[in-house]
Every structure is written in structure tokens, then in C-alpha cells.
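Written out below as C-alpha cells is the structure these notes cover.
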Amino acid sequence: MVLEGGDFSFSPLSPHQTRLWCSAPTLPLMPPTKSTLQGMLHKYIVSLAAGISDCTRFWCEILTLSLGGRIQNLPGLPHVLQRSCGGKVELLDFKGEDLFEDGGIIRRIKRKGEGYSNPNEGATVEIHLEGFCGGTRFDCKDVKFIVGEGEDHDIPIGIDKALEKMQRGEHCILYLAPRYGFGEAGKPKYGIQANMELVYEVTLKSFEKAKESWEMDTKEKLEQAAVVKEKGTMYFKDVREQTERFSAGSSSLFFFAPSQEGKYLQAVIQYGKIVSWLEMEYGLSEKESKASDSFLLAAFLNLAMCYLKLREYTKAVECCDKALGLDQDNEKGLYRRGEARLLMNEFELAKCDFQKVLEVNPQNKAAKSQISVCQKKTKEHNERDRRIYANMFTKFAERDAKEAASKTRVEKVAERAACEKGSKTDAEDAEGHV
């Protein structure tokens with residue numbers, strides 16, 4: 001897949017392997033000398049027109065230019081490209097639009113979409129996509145699915161997220177960091193290893209928006225909550241089954257079931273819908289209120305579990321707090337908050353949570369075990385602090401001793417000088433008296 005426009009061809013292999021070729025070379029350039037290279041080693045940011053209809057421009061940092069020799073950070077790049085013969089520019093950094101301001105999803109629009117509407121979470125979309133990893137295409141298809149359920153079609157979560165920023169007819173290139181791609185699990189189906197950066201070329205052909213929360217009445221929200229709760233539970237079930245199958249054939253204690261991380265992210269989306277629909281719903285009947293609280297409690301507890309698996313412990317604690325706000329003695333809420341706090345090294349708070357679990361259910365063996373872990377971790381932490389502070393105080397004492405010794409030496413030198421001066425004065429006085 002190549003973007004073509006003007007005098008340039010643009011092949012997005014990855015944000016770190018993008019190449020740009022000049023398609024109309026005229027004059028050759030001589031290989032640069034060492035002194036020329038040294039003079040060119042500075043940062044150079046240049047705007048390049050990509051030949052897009054809406055004149056969208058992208059910024060890139062030039063790191064290497066091959067023109068018979070190798071030139072780094074070459075000034076005057078556009079002029080040189082117009083004169084080069086088969087010159088090749090290698091870009092090590094692609095600076096497009098950072099969709100979520102975390103560097104995880106970078107978008108470059110090839111063709112702008114129509115209108116001002118975007119797909120929302122739950123919208124039905126029809127897209128064409130091509131996926132690349134390390135310059136090799138691994139996927140190419142037309143697919144129709146619901147935003148938030150891309151995992152069912154082997155589509156990474158980053159595409160679901162990016163679609164909510166796209167317009168009908170838009171054609172763009174998306175650079176996905178590993179956490180928005182296939183993560184630590186990779187994608188064995190496509191031969192993609194763990195923590196690989198991905199590039200997707202996506203065209204949003206059409207979409208039908210899902211109803212927003214304010215467009216649904218309470219009855220409809222409760223009905224939809226039951227549907228998405230079942231979907232979220234399905235993702236949980238898939239993760240457990242994959243883990244069991246994967247672990248059964250693995251002799252290692254450390255493993256990741258395929259697509260595990262993606263399944264948890266998909267579950268987060270489903271349970272998040274319940275929260276967005278029902279958390280701020282007021283004026284409910286007694287029956288509706290009971291049903292709403294039941295859905296919210298399940299959503300918060302399952303979100304907490306997802307965030308634990310995704311290592312987002314602060315969010316896990318927040319979800320447990322909300323679950324315990326609905327049911328202060330909820331055993332799962334207390335236990336999962338204790339787990340999150342333990343992993344955040346908040347040992348005393350974690351121990352308190354596990355103790356409360358035992359107050360609710362004295363037979364909970366896992367909580368008893370975790371209390372022992374908290375006590376052991378607290379002891380180790382205190383001993384480590386004691387060693388650190390002991391070393392610190394020893395260093396302070398040594399420093400003070402050195403300062404005192406140095407001060408003593410200075411005082412002795414001064415005293416000796418004063419004595420010598422006094423002796424000399426006495427001798428001079430004696431001579432004058434004689």
C-alpha cells in the first residue's frame with residue numbers, strides 16, 4: 001500500500017520505518033564528505049506535502065537520507081529531493097494526529113470523510129482495512145461489526161477506538177502502539193509476536209449510530225444492560241477457557257493466553273456501557289432501582305477484575321469503591337480492592353480489606369492467605385527501609401566526622417599560626433626593651 005501524490009510516494013511501514021521516495025530525480029548528488037556530515041548533524045523538521053486533496057500536511061523528523069552515501073539530519077531536504085537521483089529518505093519518527101494524546105494511536109488522513117457525525121460506541125460500522133506489521137501485510141478484508149466488539153473479528157482495540165474519531169468515507173492510516181494492538185499476547189493467527197507495533201489502512205464505508213443514553217428510556221436501558229452484561233461475561237468466559245487450554249499445554253508458570261488482553265479490554269467496553277446508562281439514572285421505581293443497582297454492582301465488580309488483569313490498579317480500586325458504595329459488605333468488592341492495594345504496595349490498607357472479608361465470610365481461605373502475604377510484605381518493606389535509613393545515617397555520621405576532623409585541623413593550624421605570631425611579637429618586644 002503506497003500513498004502517491006505530487007513528486008513523492010509514501011509507504012507507511014511503521015512510525016519508525018516510514019520511507020519516502022522522490023519519483024522524479026533529475027540531477028545526481030555526490031556522496032557527502034565527513035566534514036559535510038558533521039555540519040549536518042542537527043535537528044531538522046520539515047513540512048512535506050503528501051499530495052492529498054484537502055492539502056493536509058504532516059510533520060516528520062528526518063533522521064537518515066541515502067544519496068549514494070548516508071546523510072543524517074540533512075537541511076534543505078525539499079530542495080535536495082527535487083535534485084536527487086533515486087534519493088531515499090528514511091524517517092524514524094512520524095508525527096501525525098495523536099488521537100488520545102498518549103502516543104498510542106497516531107492517525108494520518110489520506111482522504112477526508114463527509115459530514116460531522118462519527119460512529120459511537122455500539123455503532124454498526126462497515127469498513128475496509130489492511131493490516132501491516134514490520135512492512136508485511138497480514139490482513140486485508142471488508143468487515144461489518146459493532147464498535148467495541150472488533151475482537152470477535154480479529155480486529156485490535158485500537159481500531160475500535162479510532163473509528164469513534166472517523167467520518168463516513170474517511171480513508172486514513174493508523175499507527176498502533178502495542179497496547180492498542182495485540183499487546184503481550186500477539187496474534188499467532190497472523191504470525192504477530194508480542195508487543196509489536198501495527199499499521200492499519202482503514203476506510204470507513206458506512207455506519208449506523210447506536211442510541212445514546214439520553215435517547216433511551218429506563219426500560220430500554222435495563223434491557224440493553226442485560227444484553228451487554230451477557231456479552232461482557234462471554235469475553236470473561238473466553239479468557240478463562242483460553243487460559244486453561246493454553247496452560248494445559250505449557251510447562252511454564254508464566255504465560256499469556258492468546259488475545260487475553262484484548263478480551264479484557266472488550267469486556268471493559270461492555271461493562272462500561274452499563275455504567276454510562278444507569279449510574280446517573282434517577283426517578284426509578286422500586287423494581288427498576290433494584291434492577292439498576294444489581295446491574296451496576298455486577299458491572300463495577302467485573303470492571304475491577306478486568307483492571308486487575310490489565311494492571312490498572314488505581315482504576316480497580318475506584319470500581320471497588322463504587323461497588324462497595326452499593327453494597328458495603330460485598331465480599332468480592334472487598335477482596336478485589338485488597339488485591340489491588342496489595343499490588344500497589346499499600347500493605348496495611350490491603351490487610352484491612354482482607355480482614356473485612358473474613359468478617360463477612362470467616363471461611364474465605366484466600367483472604368487468610370493474603371493477610372499472611374501482607375504481613376510478610378510489610379515486614380520486608382520495613383526491613384528494607386531500616387537498611388536504607390541505617391546506611392543513610394551512617395553516611396551522615398561519616399560526613400559529620402569528616403567535617404569535624406577537617407574543622408579540627410583548621411583550628412589547630414590557626415592556633416599554631418597564632419602561637420607562632422605571638423612568640424614572634426614577644427621576641428620583638430624583648431629586643432626593644434633591651
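How things are named: the first chain in the C-alpha cells is A, the next is B, and so on; residues count from 1 in each chain; ligands count from 1 in the order shown.
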
Using only C-alpha atoms, which protein or nucleic acid residues come within 12 Å of Ser294 (chain A)? Drop anything in the same chain fewer than 5 positions from it, and give the result as a list of chain:residue names.
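Counting only C-alpha atoms, the residues come to A:Leu222, A:Ala225, A:Ala226, A:Lys229, A:Ile274, A:Val275, A:Leu278, A:Glu279, A:Lys287, A:Glu288, A:Ser289, A:Ala299, A:Phe300, A:Leu301, A:Ala323, A:Leu326, A:Asp327.
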
At a cut-off of 9 Å, using only C-alpha atoms, what residues contact Lys332 (chain A)? Leave out same-chain residues fewer than 4 positions from it and give the result as a PDB file with C-alpha atoms, in the first residue's frame.
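What landed in out_19.pdb:
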ATOM      1  CA  LEU A 301     -17.100  -5.758  40.260  1.00  0.00           C
ATOM      2  CA  CYS A 320     -14.402  -1.490  44.034  1.00  0.00           C
ATOM      3  CA  ARG A 336     -10.553  -7.292  44.838  1.00  0.00           C
ATOM      4  CA  ARG A 337      -9.815  -3.923  46.426  1.00  0.00           C
ATOM      5  CA  VAL A 357     -13.583 -10.156  54.011  1.00  0.00           C
TER       6      VAL A 357
END

Between CA of Asn302 (chain A) and CA of Glu215 (chain A), what distance in Å does the model show, to one decimal?
26.1 Å

For Leu176 (chain A), list every protein, DNA or RNA residue within 8 Å, evaluated using only C-alpha atoms, and leave out those in the same chain fewer than 4 positions away; present the list as a count of residues only.
10

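Residue nearest Glu149 (chain A), chosen from A:His128, A:Arg107, A:Lys379, A:Lys231 and counting only C-alpha atoms: A:Lys231.
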
Exercise: Cys352 (chain A) partners within 10 Å, only C-alpha atoms, chain neighbours under 3 positions left out, as a list in words
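The residues that qualify are Leu334, Gly338, Phe347, Glu348, Leu349, Gln355, Lys356, Val357, Leu358, Ile371 and Cys374 of chain A.
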
Pick out each residue of region 108-245 of chain A that DSSP on the backbone tags as helix (DSSP H, G or I); I need them as a PyMOL selection string.
chain A and resi 150-153+157-163+178-180+183-185+188-190+213-215+218-245

Determine, counting only C-alpha atoms, which protein, DNA and RNA residues have an atom within 10 Å of an atom of Met344 (chain A); residues of the same chain fewer than 3 positions away are not included. Present the result as a PyMOL selection string.
chain A and resi 311-314+338-341+347+350

Those residues with N, CA and C atoms, as a PDB file, in the first residue's frame please?
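Result file again03.pdb:
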ATOM      1  N   ARG A 311      -3.580  -4.652  34.886  1.00  0.00           N
ATOM      2  CA  ARG A 311      -2.587  -3.980  35.737  1.00  0.00           C
ATOM      3  C   ARG A 311      -2.879  -2.494  35.921  1.00  0.00           C
ATOM      4  N   GLU A 312      -4.121  -2.124  35.845  1.00  0.00           N
ATOM      5  CA  GLU A 312      -4.525  -0.735  36.111  1.00  0.00           C
ATOM      6  C   GLU A 312      -5.169  -0.705  37.497  1.00  0.00           C
ATOM      7  N   TYR A 313      -4.314  -0.724  38.513  1.00  0.00           N
ATOM      8  CA  TYR A 313      -4.757  -0.972  39.874  1.00  0.00           C
ATOM      9  C   TYR A 313      -5.548   0.195  40.478  1.00  0.00           C
ATOM     10  N   THR A 314      -5.194   1.408  40.112  1.00  0.00           N
ATOM     11  CA  THR A 314      -5.934   2.560  40.636  1.00  0.00           C
ATOM     12  C   THR A 314      -7.389   2.515  40.169  1.00  0.00           C
ATOM     13  N   GLY A 338      -8.632  -5.281  48.047  1.00  0.00           N
ATOM     14  CA  GLY A 338      -7.440  -5.710  48.775  1.00  0.00           C
ATOM     15  C   GLY A 338      -6.346  -6.173  47.828  1.00  0.00           C
ATOM     16  N   GLU A 339      -6.715  -6.921  46.792  1.00  0.00           N
ATOM     17  CA  GLU A 339      -5.727  -7.368  45.799  1.00  0.00           C
ATOM     18  C   GLU A 339      -5.056  -6.182  45.117  1.00  0.00           C
ATOM     19  N   ALA A 340      -5.873  -5.207  44.690  1.00  0.00           N
ATOM     20  CA  ALA A 340      -5.327  -4.031  44.005  1.00  0.00           C
ATOM     21  C   ALA A 340      -4.380  -3.255  44.921  1.00  0.00           C
ATOM     22  N   ARG A 341      -4.784  -3.075  46.175  1.00  0.00           N
ATOM     23  CA  ARG A 341      -3.942  -2.324  47.116  1.00  0.00           C
ATOM     24  C   ARG A 341      -2.644  -3.072  47.419  1.00  0.00           C
ATOM     25  N   PHE A 347       0.197  -2.094  51.849  1.00  0.00           N
ATOM     26  CA  PHE A 347       0.016  -3.347  52.566  1.00  0.00           C
ATOM     27  C   PHE A 347      -0.977  -3.260  53.732  1.00  0.00           C
ATOM     28  N   ALA A 350      -4.501  -2.976  52.361  1.00  0.00           N
ATOM     29  CA  ALA A 350      -4.875  -4.271  51.790  1.00  0.00           C
ATOM     30  C   ALA A 350      -5.241  -5.246  52.900  1.00  0.00           C
TER      31      ALA A 350
END

Given only C-alpha atoms as the basis, pick out the residue of A:Ala177, A:Ala210, A:Ile109, A:Ala185 nearest to Val147 (chain A).
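Ranked by minimum distance to Val147 (chain A), first place goes to A:Ala210.
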
Interatomic distance, CA of Arg168 (chain A) to CA of Gly113 (chain A) (Å, one decimal)
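Atom-to-atom, CA of Arg168 (chain A) and CA of Gly113 (chain A) are spaced 5.2 Å apart.
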
Straight-line distance linking CA of Lys376 (chain A) with CA of Gln363 (chain A), stated in Å to one decimal
21.4 Å

Among A:Gln224, A:Thr203, A:Gln370, A:Asn330, Ile159 (chain A) is approached most closely, using only C-alpha atoms, by A:Thr203

Could you write out, as an MDAnalysis selection string, all the residues of region 98-176 of chain A that DSSP marks as strand (DSSP E)?
chainID A and resid 98 105:111 124:133 136:146 171:176

Could you save those same residues with N, CA, C and O atoms as a compact mmCIF listing (two decimals), in the first residue's frame?
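That gives us result.txt:
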# COMPACT_ATOMS: atom_id res chain seq x y z
N ASP A 98 -2.28 12.69 17.15
CA ASP A 98 -2.33 11.78 18.29
C ASP A 98 -3.77 11.77 18.81
O ASP A 98 -4.21 12.70 19.50
N ILE A 105 -2.23 5.89 19.52
CA ILE A 105 -2.87 5.80 18.20
C ILE A 105 -2.57 7.09 17.43
O ILE A 105 -3.02 8.16 17.84
N ILE A 106 -1.82 6.96 16.36
CA ILE A 106 -1.48 8.12 15.52
C ILE A 106 -2.22 7.97 14.19
O ILE A 106 -2.16 6.92 13.55
N ARG A 107 -2.91 9.03 13.80
CA ARG A 107 -3.69 8.98 12.55
C ARG A 107 -3.16 9.97 11.53
O ARG A 107 -2.82 11.10 11.86
N ARG A 108 -3.12 9.50 10.28
CA ARG A 108 -2.83 10.38 9.15
C ARG A 108 -3.94 10.18 8.14
O ARG A 108 -4.17 9.07 7.65
N ILE A 109 -4.67 11.24 7.83
CA ILE A 109 -5.82 11.15 6.92
C ILE A 109 -5.34 11.21 5.48
O ILE A 109 -4.64 12.14 5.08
N LYS A 110 -5.74 10.22 4.72
CA LYS A 110 -5.43 10.20 3.29
C LYS A 110 -6.57 10.83 2.49
O LYS A 110 -6.34 11.57 1.55
N ARG A 111 -7.80 10.53 2.89
CA ARG A 111 -8.95 11.17 2.26
C ARG A 111 -9.95 11.55 3.35
O ARG A 111 -10.34 10.70 4.15
N THR A 124 -22.92 0.27 14.46
CA THR A 124 -22.62 -0.76 13.47
C THR A 124 -21.87 -0.11 12.32
O THR A 124 -22.36 0.85 11.71
N VAL A 125 -20.67 -0.58 12.04
CA VAL A 125 -19.82 0.04 11.01
C VAL A 125 -19.48 -0.99 9.93
O VAL A 125 -19.42 -2.19 10.18
N GLU A 126 -19.26 -0.48 8.74
CA GLU A 126 -18.77 -1.29 7.63
C GLU A 126 -17.48 -0.64 7.14
O GLU A 126 -17.49 0.53 6.74
N ILE A 127 -16.39 -1.39 7.18
CA ILE A 127 -15.08 -0.82 6.85
C ILE A 127 -14.30 -1.75 5.92
O ILE A 127 -14.61 -2.94 5.80
N HIS A 128 -13.30 -1.15 5.29
CA HIS A 128 -12.27 -1.93 4.59
C HIS A 128 -10.97 -1.65 5.31
O HIS A 128 -10.66 -0.50 5.63
N LEU A 129 -10.22 -2.70 5.60
CA LEU A 129 -8.95 -2.48 6.30
C LEU A 129 -7.85 -3.36 5.73
O LEU A 129 -8.11 -4.44 5.18
N GLU A 130 -6.64 -2.87 5.88
CA GLU A 130 -5.44 -3.63 5.58
C GLU A 130 -4.50 -3.45 6.75
O GLU A 130 -4.27 -2.33 7.21
N GLY A 131 -3.97 -4.56 7.26
CA GLY A 131 -3.08 -4.50 8.40
C GLY A 131 -1.65 -4.85 8.03
O GLY A 131 -1.41 -5.77 7.24
N PHE A 132 -0.68 -4.10 8.60
CA PHE A 132 0.74 -4.30 8.31
C PHE A 132 1.52 -4.43 9.62
O PHE A 132 1.22 -3.75 10.59
N CYS A 133 2.50 -5.30 9.60
CA CYS A 133 3.41 -5.44 10.74
C CYS A 133 4.82 -5.64 10.20
O CYS A 133 5.07 -6.60 9.46
N THR A 136 5.07 -6.01 6.40
CA THR A 136 4.39 -7.14 5.76
C THR A 136 2.89 -7.07 6.02
O THR A 136 2.46 -6.90 7.17
N ARG A 137 2.11 -7.19 4.95
CA ARG A 137 0.65 -7.17 5.13
C ARG A 137 0.17 -8.51 5.67
O ARG A 137 0.50 -9.55 5.12
N PHE A 138 -0.60 -8.46 6.75
CA PHE A 138 -1.09 -9.70 7.35
C PHE A 138 -2.61 -9.82 7.29
O PHE A 138 -3.16 -10.88 7.58
N ASP A 139 -3.30 -8.74 6.94
CA ASP A 139 -4.77 -8.79 6.91
C ASP A 139 -5.29 -7.83 5.86
O ASP A 139 -4.74 -6.74 5.67
N CYS A 140 -6.34 -8.23 5.17
CA CYS A 140 -6.99 -7.38 4.17
C CYS A 140 -8.41 -7.89 4.01
O CYS A 140 -8.62 -9.03 3.58
N LYS A 141 -9.40 -7.06 4.38
CA LYS A 141 -10.78 -7.53 4.31
C LYS A 141 -11.77 -6.39 4.42
O LYS A 141 -11.45 -5.29 4.88
N ASP A 142 -12.98 -6.68 3.97
CA ASP A 142 -14.15 -5.84 4.23
C ASP A 142 -14.90 -6.51 5.36
O ASP A 142 -15.12 -7.74 5.33
N VAL A 143 -15.30 -5.74 6.35
CA VAL A 143 -15.94 -6.34 7.51
C VAL A 143 -17.00 -5.39 8.10
O VAL A 143 -16.84 -4.17 8.06
N LYS A 144 -18.05 -5.99 8.61
CA LYS A 144 -19.12 -5.23 9.27
C LYS A 144 -19.21 -5.74 10.70
O LYS A 144 -19.32 -6.96 10.94
N PHE A 145 -19.15 -4.83 11.65
CA PHE A 145 -19.19 -5.24 13.05
C PHE A 145 -19.66 -4.07 13.93
O PHE A 145 -19.89 -2.96 13.44
N ILE A 146 -19.78 -4.35 15.20
CA ILE A 146 -20.21 -3.33 16.17
C ILE A 146 -18.99 -2.76 16.87
O ILE A 146 -18.14 -3.52 17.35
N HIS A 171 -10.64 7.87 4.74
CA HIS A 171 -9.60 6.88 4.44
C HIS A 171 -8.34 7.35 5.15
O HIS A 171 -7.83 8.44 4.86
N CYS A 172 -7.86 6.57 6.07
CA CYS A 172 -6.73 7.02 6.89
C CYS A 172 -5.76 5.88 7.19
O CYS A 172 -6.05 4.71 6.95
N ILE A 173 -4.61 6.29 7.70
CA ILE A 173 -3.60 5.34 8.14
C ILE A 173 -3.47 5.49 9.66
O ILE A 173 -3.36 6.60 10.17
N LEU A 174 -3.50 4.36 10.35
CA LEU A 174 -3.43 4.35 11.80
C LEU A 174 -2.18 3.60 12.25
O LEU A 174 -1.93 2.48 11.81
N TYR A 175 -1.41 4.23 13.12
CA TYR A 175 -0.24 3.60 13.73
C TYR A 175 -0.61 3.24 15.16
O TYR A 175 -0.95 4.12 15.97
N LEU A 176 -0.56 1.95 15.48
CA LEU A 176 -1.00 1.48 16.79
C LEU A 176 0.19 1.02 17.63
O LEU A 176 0.97 0.17 17.19

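With only C-alpha atoms as the atoms that count, the minimum distance from Met216 (chain A) to the choices A:Glu403, A:Glu261, A:Glu170, A:Glu281 is reached by A:Glu281.
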